[in-house]
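Colleague: Sending over a structure as structure tokens; questions will come in a sec.
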Amino acid sequence: MTMVLSESMSALTCKIDDIIHSTISSTALLANAISDSLTRIQSENVDFLLEPAVKRTIQEHIKQTLNNNAYCSGAGFASHIASTRENKEFWLLGGGIKKRAA
């Protein structure tokens, strides 16, 4: 009985480790992909972050992340943009949910 319990606990521990590492990896990849995309389209004015094309780009990165991770069913982010002389402060929010295959 103890051997079965140890094997079950070991399998559960391995699964939890896999989920944690997968989540960390996906989070880092998503952050890097979004950062790379925003760096390429960055402008002097942060208003570019509100452009529909930027939102679509970010959503595509989220969609790819969800599709590449068996454990992720949703992803999102929040980013605070501080006020400057040219812009008022604002929050940029985004996210997505993995759609189930029909």
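Labels used: A, B, ... for chains in the order of the structure tokens, numbers from 1 for residues in each chain, and numbers from 1 for ligands as shown.
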Mind the document's chain letters and residue numbers, and return as an mmCIF file with C-alpha atoms, in the first residue's frame the residues of chain A that DSSP labels helix (DSSP H, G or I).
Modeller:
data_model
loop_
_atom_site.group_PDB
_atom_site.id
_atom_site.type_symbol
_atom_site.label_atom_id
_atom_site.label_comp_id
_atom_site.auth_asym_id
_atom_site.auth_seq_id
_atom_site.Cartn_x
_atom_site.Cartn_y
_atom_site.Cartn_z
ATOM 1 C CA THR A 2 2.799 2.420 0.888
ATOM 2 C CA MET A 3 4.557 1.698 -2.419
ATOM 3 C CA VAL A 4 1.399 2.498 -4.399
ATOM 4 C CA LEU A 5 0.910 5.712 -2.443
ATOM 5 C CA SER A 6 4.545 6.713 -3.028
ATOM 6 C CA GLU A 7 4.189 6.055 -6.744
ATOM 7 C CA SER A 8 0.954 8.046 -6.851
ATOM 8 C CA MET A 9 2.505 10.941 -4.955
ATOM 9 C CA SER A 10 5.553 10.852 -7.211
ATOM 10 C CA ALA A 11 3.371 10.919 -10.333
ATOM 11 C CA LEU A 12 1.299 13.791 -8.904
ATOM 12 C CA THR A 13 4.420 15.730 -7.949
ATOM 13 C CA CYS A 14 5.849 15.269 -11.462
ATOM 14 C CA LYS A 15 2.572 16.471 -13.008
ATOM 15 C CA ILE A 16 2.473 19.560 -10.786
ATOM 16 C CA ASP A 17 6.118 20.323 -11.618
ATOM 17 C CA ASP A 18 5.320 19.977 -15.322
ATOM 18 C CA ILE A 19 2.374 22.363 -15.020
ATOM 19 C CA ILE A 20 4.432 24.933 -13.095
ATOM 20 C CA HIS A 21 7.399 24.802 -15.479
ATOM 21 C CA SER A 22 5.106 24.933 -18.503
ATOM 22 C CA THR A 23 3.300 27.966 -17.101
ATOM 23 C CA ILE A 24 6.532 29.785 -16.310
ATOM 24 C CA SER A 25 7.946 29.026 -19.750
ATOM 25 C CA SER A 26 4.758 30.125 -21.534
ATOM 26 C CA THR A 27 4.621 33.335 -19.507
ATOM 27 C CA ALA A 28 8.216 34.220 -20.367
ATOM 28 C CA LEU A 29 7.719 33.403 -24.061
ATOM 29 C CA LEU A 30 4.533 35.493 -24.195
ATOM 30 C CA ALA A 31 6.189 38.456 -22.460
ATOM 31 C CA ASN A 32 9.163 38.306 -24.829
ATOM 32 C CA ALA A 33 6.966 38.010 -27.928
ATOM 33 C CA ILE A 34 4.841 41.002 -26.905
ATOM 34 C CA SER A 35 7.909 43.023 -25.948
ATOM 35 C CA ASP A 36 9.623 42.264 -29.267
ATOM 36 C CA SER A 37 6.513 43.256 -31.223
ATOM 37 C CA LEU A 38 6.008 46.492 -29.311
ATOM 38 C CA THR A 39 9.672 47.417 -29.668
ATOM 39 C CA ARG A 40 9.386 47.122 -33.458
ATOM 40 C CA ILE A 41 6.330 49.383 -33.653
ATOM 41 C CA VAL A 46 2.434 55.865 -26.109
ATOM 42 C CA ASP A 47 -0.952 56.308 -27.801
ATOM 43 C CA PHE A 48 0.221 53.734 -30.351
ATOM 44 C CA LEU A 49 -0.584 51.111 -27.687
ATOM 45 C CA LEU A 50 -4.275 51.899 -28.197
ATOM 46 C CA PRO A 52 -6.322 48.217 -33.098
ATOM 47 C CA ALA A 53 -3.301 46.738 -34.924
ATOM 48 C CA VAL A 54 -1.347 46.600 -31.659
ATOM 49 C CA LYS A 55 -4.249 44.900 -29.905
ATOM 50 C CA ARG A 56 -4.501 42.334 -32.726
ATOM 51 C CA THR A 57 -0.769 41.650 -32.515
ATOM 52 C CA ILE A 58 -0.932 41.087 -28.768
ATOM 53 C CA GLN A 59 -4.033 38.894 -29.133
ATOM 54 C CA GLU A 60 -2.234 36.759 -31.730
ATOM 55 C CA HIS A 61 0.666 36.208 -29.329
ATOM 56 C CA ILE A 62 -1.785 35.199 -26.603
ATOM 57 C CA LYS A 63 -3.586 32.819 -28.983
ATOM 58 C CA GLN A 64 -0.295 31.162 -30.004
ATOM 59 C CA THR A 65 0.733 30.796 -26.360
ATOM 60 C CA LEU A 66 -2.556 29.157 -25.455
ATOM 61 C CA ASN A 67 -2.400 26.784 -28.413
#
Colleague: Could you please write out, as a list of chain:residue names, every residue of stretch 9-98 of chain A that DSSP assigns to strand (DSSP E)?
Modeller: A:Gly74, A:Ala75, A:Gly76, A:Phe77, A:Ala78, A:Ser79, A:His80, A:Ile81, A:Phe90, A:Trp91, A:Leu92, A:Leu93, A:Gly94, A:Gly95, A:Gly96, A:Ile97
Colleague: How many Å lie between atom CA of A:Lys99 and atom CA of A:Gly76, rounded to one decimal?
Modeller: 14.8 Å
Colleague: Please compute the atom CA of A:Leu92-atom CA of A:Tyr71 distance, one decimal, in Å.
Modeller: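 Those two atoms sit 25.2 Å apart.
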Colleague: Could you tell me how far atom CA of A:Phe90 sits from atom CA of A:Cys72, in Å to one decimal place?
Modeller: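 A separation of 27.8 Å between them.
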